[in-house]
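Beneath this line is the structure, given in C-alpha cells, with notes to follow.
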Amino acid sequence: MQLYNTATRTKEVFEPLRPGTVHIYVCGITAYDFCHIGHARSAIVFDVLVRYLRSKGYSVFFIRNFTDIDDKIIARAAKENRDWREVGNTYIDAFHKDMDALGVLRADSEPRATEALPDILALCERLIASGKAYATKDGDVYFRVHDYAPYGSLSQQSLDDMRAGASERVAQNEAKEDPLDFALWKASKPGEPSFPCPWGQGRPGWHIECSAMTEKWIPLDIHGGGQDLIFPHHENEKAQTEAALGTTLARFWVHNGFVQINAEKMSKSLGNYKTIRDILETFLPETLRFFLLSKHYRSPIDFTTDAMLEAERAERRIYQAISDCTAALARSKWSQTPLPDDIKDEWQALAKQFEEALEDDLNTAKALGILFSKVRCVNRILENKSTAKSAAAKPLLEAFVREVDQWKSVLGLFSMEPETFFRELRAKKIKRNNIDCERVEKLLAQRREARAKKDFAASDALRAELEGLGIIVQDTPNGQQWNLPWASVQWNASAQSSLSPSLCSPLSRPRRSPFFSAVWASRMKRILEENSTRRSGQEFQSSTIPRSASMSDSLSKGLSRHCPRSHSPSHRLWSATTQWTPLPFQAGISMSSQGLLCILMTRLNLPAFLATNSPT
C-alpha cells in the first residue's frame, strides 16, 4: 500500500514499524460544540484507513484523543453558567452519537487531556531540564523553537518567514524569548479551572497533550488529522515530542483536505456552518458518508445540496442493484443461456481494481468508480430476461453479493437492508420537502375510492393535485404507490418529522414507471431548451463523461445495451426531441454541455460527481 506522507510530500510504500501491528493516532475534537462536517470527513477518512488495514490482516491500535480543557470550553461554560467538565462531557457524548450514526468505529483508546496531566507535567519538566523549554515568572512554560533545528520541516516553512509573521504578536507577551515560542503550560487566570504544578496553578497547552498521550506508543506508524492541523498544531507537537524523547514521533503524517460549503470556506460568521446534526435532519447518515468518500481524501470537497442529492441517487442505484441481485438469486430454475463474453471479460478485468484503488493512497473515489462498474455488469445481466435466468450468470451474481459484504466492512457503506434503505430514504425526502403527510394520505384515499368507482376523471384530477404537491403517483398491480421526484428538494430543517408508516413503504424502481419516466423526460426537455441558448462549444469537465471528437460521431456510436430502449413516454419524448442514442462509459475526459445532459438523461451507473483521479 502507498500513502501520501505530508512530511516528504510524496507517496511512499507503507510498512509498519512493528511487523503485523499498526499504531495510528488521530487528533480528536475540542469538546465545546457539536461536530461539523469537517469533523465528519476526518473521522470517516481515518475510519476507512483503519478498516482497510484490518482487512489486510494487520492488528491496528487506533488512538483518538479528546481535548476536554481549553479556552473555548472555559468560555462556553461561562456563557452557559455550567461547569467546564459538564460542557466537555456533553460534547464528547454528542461526538460519539454523531459518529455512531455515520458508522465510524470507536477508537481503541480515547484519552482525555485531563487524564494525561501527570505525563504532561513530566514532559514539561524534562524539556525545561534539557534547556528546550523555560518557565516565566508568571507560571507559563514555553518551548524554545530556535533550539529545535528541524522546526518547520513538517509544514515546510522557514523560521525566518514564520518569525516575521509572528513578530507583531511579541508585544502582547513580552515574557516570550522568541515570538515563535509556543506554550506548553498556561498559568491560570482568576476564576479559570486550574491544576497544581511546580510553576504555580495552571493548565496544559493544546499541543503538549497529544505528545503526552502518544508517548507510550511512539514511534507511531501514522499520525493523522485535517490539513488545518499541519501548522501549528502538528508542527509543534512533533517538535516538543522529538526534543523531549529523542525519537521520531511518527513515520507517516496523513492529512485530509478541507470541506467547503457552496465553494466558500465554512465559517459561523458567514452563516454557512453545517453541523453533522443539521445535515442528518434531511439526509441519511450513510448518504453523508458516501458523499465524503466520493472524492480523494486529500482533495478539497464542496458540500452542496445538489452534491448530496447526487450522492443519494447514486447510493439508491447501488441498493437497487443489491436488491435485484438478491431477488434473482432466489429463483430455483436456471436456463442454459450463455453469458455474453464482454460481460465476463469486464467483470474479470474489475476483479482486483477495488483493492488496487485503496492500495493507491486510499483512493476511495476510484474505488467507488470500480464499484459502479460492477453494478453496471450486474444490471446488464438482470435487465435482459435471457441472461437474468442464465446459470452462467449465477456465479457472477453470487460474487457481487459477496463483494457487497467487503464494501460494508471496508467502506462502511451499504450496511442496511435495501427495503430499510428505501423506506428511510423516502422518509428523509418527505421531511426535507415539507410534505403534509396527512393531506397526501387523504388525497390518495380519495383517489383509490374514485378508481374503485371507475371515476377516472376524478382520479386524474386528484393525481394532478398530488403532482402540485410534488408527489408522483403510479398505479401498479400491487396497488397505488407514490414517491417524490429526485430533482425536487427544499432544504428545510424545520419540516415535520412525524411520518405515517403507511407512507414509508419502498417503491419499485422509478425507471420502470412510465409516469415517472415522463416526468424526467419533461424536465430534461426543458433543460435542453434552456441549454440551447448557451454558447456553443462550452465544455464541462467530468471524470465520468465519454470523450467525443465530435458530438454527432460519438452519438452515432452509442451502445444501447448500456441503457436499453423501452416504449416508455420518456424514450418516445427523448427520441422525438433529440434523436440521440445512449453512450458507453469511459473515464477521465470531457464533452460539451449537451453531451453531459444526454448522459444524465440516460442515467449511467457512475454518477457525474465522482472523481476517480488522485489530486495533483
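Following the order of the C-alpha cells, chains are lettered A, B, ..., residues in each are numbered from 1, and ligands are numbered from 1.
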Could you give me, as a PyMOL selection string, the residues within 9 Å of Arg51 (chain A), counting only C-alpha atoms and dropping anything in the same chain fewer than 2 positions from it?
chain A and resi 46-49+53-56+60+105+409-412
File dump, residues just selected, all heavy atoms, as an mmCIF file, in the first residue's frame:
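Writing the result to again_15.cif gives the following:
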data_model
loop_
_atom_site.group_PDB
_atom_site.id
_atom_site.type_symbol
_atom_site.label_atom_id
_atom_site.label_comp_id
_atom_site.auth_asym_id
_atom_site.auth_seq_id
_atom_site.Cartn_x
_atom_site.Cartn_y
_atom_site.Cartn_z
ATOM 1 N N PHE A 46 -10.214 8.369 8.267
ATOM 2 C CA PHE A 46 -9.342 7.507 9.070
ATOM 3 C C PHE A 46 -10.062 6.235 9.514
ATOM 4 O O PHE A 46 -9.417 5.213 9.767
ATOM 5 C CB PHE A 46 -8.761 8.294 10.243
ATOM 6 C CG PHE A 46 -7.750 9.312 9.795
ATOM 7 C CD1 PHE A 46 -8.088 10.650 9.672
ATOM 8 C CD2 PHE A 46 -6.474 8.917 9.429
ATOM 9 C CE1 PHE A 46 -7.177 11.583 9.215
ATOM 10 C CE2 PHE A 46 -5.547 9.839 8.965
ATOM 11 C CZ PHE A 46 -5.888 11.176 8.857
ATOM 12 N N ASP A 47 -11.374 6.287 9.575
ATOM 13 C CA ASP A 47 -12.136 5.067 9.836
ATOM 14 C C ASP A 47 -11.940 4.065 8.700
ATOM 15 O O ASP A 47 -11.729 2.872 8.944
ATOM 16 C CB ASP A 47 -13.620 5.413 9.986
ATOM 17 C CG ASP A 47 -14.475 4.204 10.291
ATOM 18 O OD1 ASP A 47 -14.259 3.547 11.322
ATOM 19 O OD2 ASP A 47 -15.381 3.906 9.485
ATOM 20 N N VAL A 48 -11.992 4.547 7.453
ATOM 21 C CA VAL A 48 -11.781 3.659 6.305
ATOM 22 C C VAL A 48 -10.344 3.140 6.286
ATOM 23 O O VAL A 48 -10.103 1.971 5.978
ATOM 24 C CB VAL A 48 -12.123 4.378 4.991
ATOM 25 C CG1 VAL A 48 -11.726 3.528 3.776
ATOM 26 C CG2 VAL A 48 -13.616 4.680 4.925
ATOM 27 N N LEU A 49 -9.389 4.005 6.624
ATOM 28 C CA LEU A 49 -7.991 3.557 6.670
ATOM 29 C C LEU A 49 -7.816 2.429 7.689
ATOM 30 O O LEU A 49 -7.173 1.407 7.405
ATOM 31 C CB LEU A 49 -7.083 4.728 7.014
ATOM 32 C CG LEU A 49 -5.584 4.415 7.131
ATOM 33 C CD1 LEU A 49 -5.037 3.814 5.834
ATOM 34 C CD2 LEU A 49 -4.806 5.670 7.521
ATOM 35 N N LEU A 53 -6.824 -1.489 6.667
ATOM 36 C CA LEU A 53 -5.628 -2.146 7.205
ATOM 37 C C LEU A 53 -6.002 -3.415 7.973
ATOM 38 O O LEU A 53 -5.305 -4.431 7.892
ATOM 39 C CB LEU A 53 -4.858 -1.177 8.102
ATOM 40 C CG LEU A 53 -4.171 -0.010 7.378
ATOM 41 C CD1 LEU A 53 -3.600 0.988 8.388
ATOM 42 C CD2 LEU A 53 -3.055 -0.523 6.469
ATOM 43 N N ARG A 54 -7.092 -3.368 8.694
ATOM 44 C CA ARG A 54 -7.543 -4.576 9.401
ATOM 45 C C ARG A 54 -7.974 -5.661 8.417
ATOM 46 O O ARG A 54 -7.729 -6.845 8.652
ATOM 47 C CB ARG A 54 -8.686 -4.220 10.356
ATOM 48 C CG ARG A 54 -8.197 -3.507 11.612
ATOM 49 C CD ARG A 54 -9.335 -3.038 12.499
ATOM 50 N NE ARG A 54 -8.815 -2.435 13.731
ATOM 51 C CZ ARG A 54 -9.508 -1.662 14.548
ATOM 52 N NH1 ARG A 54 -10.794 -1.395 14.264
ATOM 53 N NH2 ARG A 54 -8.959 -1.146 15.637
ATOM 54 N N SER A 55 -8.594 -5.243 7.315
ATOM 55 C CA SER A 55 -8.990 -6.235 6.309
ATOM 56 C C SER A 55 -7.786 -6.907 5.665
ATOM 57 O O SER A 55 -7.895 -8.021 5.150
ATOM 58 C CB SER A 55 -9.856 -5.565 5.224
ATOM 59 O OG SER A 55 -9.063 -4.793 4.335
ATOM 60 N N LYS A 56 -6.621 -6.225 5.718
ATOM 61 C CA LYS A 56 -5.391 -6.791 5.170
ATOM 62 C C LYS A 56 -4.662 -7.665 6.175
ATOM 63 O O LYS A 56 -3.582 -8.185 5.885
ATOM 64 C CB LYS A 56 -4.462 -5.665 4.703
ATOM 65 C CG LYS A 56 -5.037 -4.800 3.583
ATOM 66 C CD LYS A 56 -5.202 -5.578 2.300
ATOM 67 C CE LYS A 56 -3.870 -5.971 1.696
ATOM 68 N NZ LYS A 56 -4.040 -6.742 0.443
ATOM 69 N N VAL A 60 -4.496 -3.423 14.211
ATOM 70 C CA VAL A 60 -4.447 -1.964 14.263
ATOM 71 C C VAL A 60 -4.865 -1.482 15.641
ATOM 72 O O VAL A 60 -5.933 -1.845 16.143
ATOM 73 C CB VAL A 60 -5.361 -1.341 13.194
ATOM 74 C CG1 VAL A 60 -5.307 0.187 13.270
ATOM 75 C CG2 VAL A 60 -4.950 -1.802 11.803
ATOM 76 N N LEU A 105 -16.220 3.617 13.525
ATOM 77 C CA LEU A 105 -15.902 2.710 14.620
ATOM 78 C C LEU A 105 -15.269 3.468 15.785
ATOM 79 O O LEU A 105 -14.527 4.436 15.582
ATOM 80 C CB LEU A 105 -14.945 1.618 14.137
ATOM 81 C CG LEU A 105 -15.418 0.750 12.964
ATOM 82 C CD1 LEU A 105 -14.312 -0.210 12.535
ATOM 83 C CD2 LEU A 105 -16.680 -0.016 13.334
ATOM 84 N N SER A 409 -17.680 -3.827 5.042
ATOM 85 C CA SER A 409 -16.601 -3.942 6.008
ATOM 86 C C SER A 409 -15.551 -2.851 5.851
ATOM 87 O O SER A 409 -15.089 -2.281 6.839
ATOM 88 C CB SER A 409 -15.944 -5.322 5.862
ATOM 89 O OG SER A 409 -14.815 -5.438 6.703
ATOM 90 N N VAL A 410 -15.178 -2.557 4.611
ATOM 91 C CA VAL A 410 -14.066 -1.636 4.370
ATOM 92 C C VAL A 410 -14.537 -0.187 4.258
ATOM 93 O O VAL A 410 -13.953 0.714 4.861
ATOM 94 C CB VAL A 410 -13.292 -2.043 3.100
ATOM 95 C CG1 VAL A 410 -12.218 -1.011 2.768
ATOM 96 C CG2 VAL A 410 -12.652 -3.414 3.289
ATOM 97 N N LEU A 411 -15.583 0.065 3.497
ATOM 98 C CA LEU A 411 -16.053 1.428 3.285
ATOM 99 C C LEU A 411 -17.085 1.872 4.324
ATOM 100 O O LEU A 411 -17.343 3.063 4.470
ATOM 101 C CB LEU A 411 -16.666 1.574 1.889
ATOM 102 C CG LEU A 411 -15.729 1.317 0.703
ATOM 103 C CD1 LEU A 411 -16.494 1.460 -0.606
ATOM 104 C CD2 LEU A 411 -14.533 2.256 0.727
ATOM 105 N N GLY A 412 -17.680 0.907 5.007
ATOM 106 C CA GLY A 412 -18.734 1.255 5.954
ATOM 107 C C GLY A 412 -20.004 1.704 5.268
ATOM 108 O O GLY A 412 -20.814 2.430 5.858
#
Members of region 40-119 of chain A assigned helix (DSSP H, G or I) by DSSP, as an NGL selection string:
:A and (40-55 or 71-80 or 84-101 or 113-119)
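For the set A:Asp147, A:Asp221, A:Asp345, A:Asp33, the residue with the smallest atom-to-atom gap to Ala243 (chain A) is A:Asp147, counting only C-alpha atoms.
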Which residues, written as a PyMOL selection string, have at least one atom at most 8 Å from region 346-358 of chain A, with only C-alpha atoms counted and residues fewer than 6 positions away on the same chain left out?
chain A and resi 1+52+364+366-368+370-371+373-374+377
Output the selection as an mmCIF file, in the first residue's frame - N, CA and C atoms for each residue.
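Final output, result.cif:
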data_model
loop_
_atom_site.group_PDB
_atom_site.id
_atom_site.type_symbol
_atom_site.label_atom_id
_atom_site.label_comp_id
_atom_site.auth_asym_id
_atom_site.auth_seq_id
_atom_site.Cartn_x
_atom_site.Cartn_y
_atom_site.Cartn_z
ATOM 1 N N MET A 1 0.843 -1.199 0.000
ATOM 2 C CA MET A 1 0.000 0.000 0.000
ATOM 3 C C MET A 1 0.876 1.245 0.000
ATOM 4 N N TYR A 52 -9.545 -0.728 6.379
ATOM 5 C CA TYR A 52 -8.826 -1.389 5.283
ATOM 6 C C TYR A 52 -7.584 -2.118 5.793
ATOM 7 N N THR A 364 -10.608 6.308 -2.329
ATOM 8 C CA THR A 364 -11.992 5.849 -2.221
ATOM 9 C C THR A 364 -12.833 6.307 -3.408
ATOM 10 N N LYS A 366 -11.889 6.465 -6.551
ATOM 11 C CA LYS A 366 -11.670 5.485 -7.608
ATOM 12 C C LYS A 366 -12.317 4.154 -7.249
ATOM 13 N N ALA A 367 -12.250 3.786 -5.974
ATOM 14 C CA ALA A 367 -12.860 2.529 -5.525
ATOM 15 C C ALA A 367 -14.370 2.551 -5.771
ATOM 16 N N LEU A 368 -15.011 3.694 -5.533
ATOM 17 C CA LEU A 368 -16.442 3.794 -5.796
ATOM 18 C C LEU A 368 -16.725 3.723 -7.288
ATOM 19 N N ILE A 370 -15.038 1.879 -9.411
ATOM 20 C CA ILE A 370 -14.969 0.448 -9.714
ATOM 21 C C ILE A 370 -16.246 -0.250 -9.264
ATOM 22 N N LEU A 371 -16.730 0.167 -8.128
ATOM 23 C CA LEU A 371 -17.959 -0.407 -7.589
ATOM 24 C C LEU A 371 -19.124 -0.192 -8.562
ATOM 25 N N SER A 373 -18.899 0.254 -11.752
ATOM 26 C CA SER A 373 -18.671 -0.568 -12.943
ATOM 27 C C SER A 373 -19.189 -1.982 -12.710
ATOM 28 N N LYS A 374 -19.038 -2.480 -11.505
ATOM 29 C CA LYS A 374 -19.555 -3.806 -11.185
ATOM 30 C C LYS A 374 -21.081 -3.801 -11.141
ATOM 31 N N CYS A 377 -22.280 -4.117 -14.658
ATOM 32 C CA CYS A 377 -22.262 -5.503 -15.142
ATOM 33 C C CYS A 377 -23.489 -6.270 -14.656
#
Taking only C-alpha atoms into account, which of A:Gln406, A:Thr476, A:Thr247, A:Gln227 comes nearest Arg41 (chain A)?
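Among the listed residues, the smallest separation from Arg41 (chain A) belongs to A:Gln227.
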CA of Gly28 (chain A) to CA of Arg64 (chain A), straight-line distance in Å:
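One can read the CA of Arg64 (chain A) to CA of Gly28 (chain A) distance as 5.4 Å.
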Pick out the residues sitting within 10 Å of Lys333 (chain A), and hand them over as a ChimeraX atom specification; count only C-alpha atoms, and ignore anything fewer than 4 positions along from it in its own chain.
/A:329,389-391
May I have the residues from that selection written out with N, CA and C atoms, as a PDB file, in the first residue's frame?
ATOM      1  N   LEU A 329     -31.196 -14.257  -7.375  1.00  0.00           N
ATOM      2  CA  LEU A 329     -30.553 -15.470  -6.855  1.00  0.00           C
ATOM      3  C   LEU A 329     -31.531 -16.373  -6.110  1.00  0.00           C
ATOM      4  N   LYS A 389     -31.762 -15.235 -16.218  1.00  0.00           N
ATOM      5  CA  LYS A 389     -32.075 -16.595 -15.795  1.00  0.00           C
ATOM      6  C   LYS A 389     -30.952 -17.576 -16.115  1.00  0.00           C
ATOM      7  N   SER A 390     -29.846 -17.060 -16.618  1.00  0.00           N
ATOM      8  CA  SER A 390     -28.762 -17.931 -17.072  1.00  0.00           C
ATOM      9  C   SER A 390     -27.964 -18.501 -15.904  1.00  0.00           C
ATOM     10  N   ALA A 391     -27.750 -19.809 -15.952  1.00  0.00           N
ATOM     11  CA  ALA A 391     -26.920 -20.451 -14.926  1.00  0.00           C
ATOM     12  C   ALA A 391     -25.493 -19.930 -14.989  1.00  0.00           C
TER      13      ALA A 391
END
Give me, as a ChimeraX atom specification, all polymer residues having an atom no more than 12 Å from Pro150 (chain A), counting only C-alpha atoms and skipping those fewer than 6 positions away in the same chain.
/A:7,156-159,235-236,238-240,242-243,248
Store the residues of this selection in a file with N, CA, C and O atoms, as a PDB file, in the first residue's frame.
ATOM      1  N   ALA A   7       5.083  14.766   5.479  1.00  0.00           N
ATOM      2  CA  ALA A   7       6.444  15.163   5.855  1.00  0.00           C
ATOM      3  C   ALA A   7       7.385  15.198   4.661  1.00  0.00           C
ATOM      4  O   ALA A   7       8.329  15.991   4.623  1.00  0.00           O
ATOM      5  N   GLN A 156       6.921  22.694   6.067  1.00  0.00           N
ATOM      6  CA  GLN A 156       7.829  23.197   5.030  1.00  0.00           C
ATOM      7  C   GLN A 156       7.821  24.719   4.982  1.00  0.00           C
ATOM      8  O   GLN A 156       7.621  25.354   3.946  1.00  0.00           O
ATOM      9  N   GLN A 157       8.084  25.310   6.165  1.00  0.00           N
ATOM     10  CA  GLN A 157       8.227  26.755   6.300  1.00  0.00           C
ATOM     11  C   GLN A 157       9.571  27.056   6.937  1.00  0.00           C
ATOM     12  O   GLN A 157      10.091  26.271   7.742  1.00  0.00           O
ATOM     13  N   SER A 158      10.128  28.197   6.590  1.00  0.00           N
ATOM     14  CA  SER A 158      11.396  28.600   7.189  1.00  0.00           C
ATOM     15  C   SER A 158      11.137  29.376   8.474  1.00  0.00           C
ATOM     16  O   SER A 158      10.109  30.045   8.622  1.00  0.00           O
ATOM     17  N   LEU A 159      12.103  29.308   9.407  1.00  0.00           N
ATOM     18  CA  LEU A 159      11.960  30.020  10.668  1.00  0.00           C
ATOM     19  C   LEU A 159      11.860  31.522  10.446  1.00  0.00           C
ATOM     20  O   LEU A 159      11.095  32.217  11.125  1.00  0.00           O
ATOM     21  N   GLU A 235       3.091  20.632  13.797  1.00  0.00           N
ATOM     22  CA  GLU A 235       4.482  21.089  13.800  1.00  0.00           C
ATOM     23  C   GLU A 235       4.999  21.204  15.226  1.00  0.00           C
ATOM     24  O   GLU A 235       6.108  20.750  15.559  1.00  0.00           O
ATOM     25  N   ASN A 236       4.202  21.809  16.099  1.00  0.00           N
ATOM     26  CA  ASN A 236       4.602  21.978  17.495  1.00  0.00           C
ATOM     27  C   ASN A 236       4.647  20.651  18.232  1.00  0.00           C
ATOM     28  O   ASN A 236       5.549  20.395  19.046  1.00  0.00           O
ATOM     29  N   LYS A 238       5.223  17.706  16.976  1.00  0.00           N
ATOM     30  CA  LYS A 238       6.409  16.982  16.511  1.00  0.00           C
ATOM     31  C   LYS A 238       7.668  17.520  17.190  1.00  0.00           C
ATOM     32  O   LYS A 238       8.524  16.750  17.671  1.00  0.00           O
ATOM     33  N   ALA A 239       7.778  18.844  17.269  1.00  0.00           N
ATOM     34  CA  ALA A 239       8.975  19.458  17.838  1.00  0.00           C
ATOM     35  C   ALA A 239       9.147  19.104  19.312  1.00  0.00           C
ATOM     36  O   ALA A 239      10.222  18.669  19.753  1.00  0.00           O
ATOM     37  N   GLN A 240       8.106  19.279  20.118  1.00  0.00           N
ATOM     38  CA  GLN A 240       8.248  19.052  21.554  1.00  0.00           C
ATOM     39  C   GLN A 240       8.448  17.577  21.882  1.00  0.00           C
ATOM     40  O   GLN A 240       9.211  17.231  22.796  1.00  0.00           O
ATOM     41  N   GLU A 242       9.820  15.141  19.873  1.00  0.00           N
ATOM     42  CA  GLU A 242      11.128  14.660  19.433  1.00  0.00           C
ATOM     43  C   GLU A 242      12.253  15.309  20.224  1.00  0.00           C
ATOM     44  O   GLU A 242      13.288  14.675  20.469  1.00  0.00           O
ATOM     45  N   ALA A 243      12.055  16.566  20.666  1.00  0.00           N
ATOM     46  CA  ALA A 243      13.060  17.220  21.503  1.00  0.00           C
ATOM     47  C   ALA A 243      13.135  16.575  22.881  1.00  0.00           C
ATOM     48  O   ALA A 243      14.220  16.427  23.460  1.00  0.00           O
ATOM     49  N   THR A 248      11.711   9.730  16.686  1.00  0.00           N
ATOM     50  CA  THR A 248      10.708  10.193  15.725  1.00  0.00           C
ATOM     51  C   THR A 248       9.300   9.988  16.283  1.00  0.00           C
ATOM     52  O   THR A 248       8.992   8.936  16.836  1.00  0.00           O
TER      53      THR A 248
END
Applying 10 Å and only C-alpha atoms, which residues near His36 (chain A) remain after dropping the ones on its own chain fewer than 4 positions away? List them as a PyMOL selection string.
chain A and resi 40-41+95+98+259+266+273-279
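Put simply, CA of Asn272 (chain A) is 23.3 Å away from CA of His255 (chain A).
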Quick one: everything within 7 Å of Ile74 (chain A), counting only C-alpha atoms, minus sequence neighbours fewer than 4 positions away in the same chain. Send it as a ChimeraX atom specification.
/A:70,78,84
Can I get the residues of region 348-439 of chain A within 12 Å of region 446-469 of chain A, each with the closest pair of atoms and their distance in Å to one decimal, using only C-alpha atoms, sorted chain first then ascending number, as a tab-separated table?
residue	atom	partner	partner_atom	distance
A:Ile430	CA	A:Leu469	CA	11.1
A:Asn433	CA	A:Leu469	CA	9.5
A:Asn434	CA	A:Leu469	CA	9.8
A:Ile435	CA	A:Leu469	CA	7.5
A:Asp436	CA	A:Leu469	CA	8.8
A:Cys437	CA	A:Leu469	CA	10.6
A:Arg439	CA	A:Leu466	CA	9.4
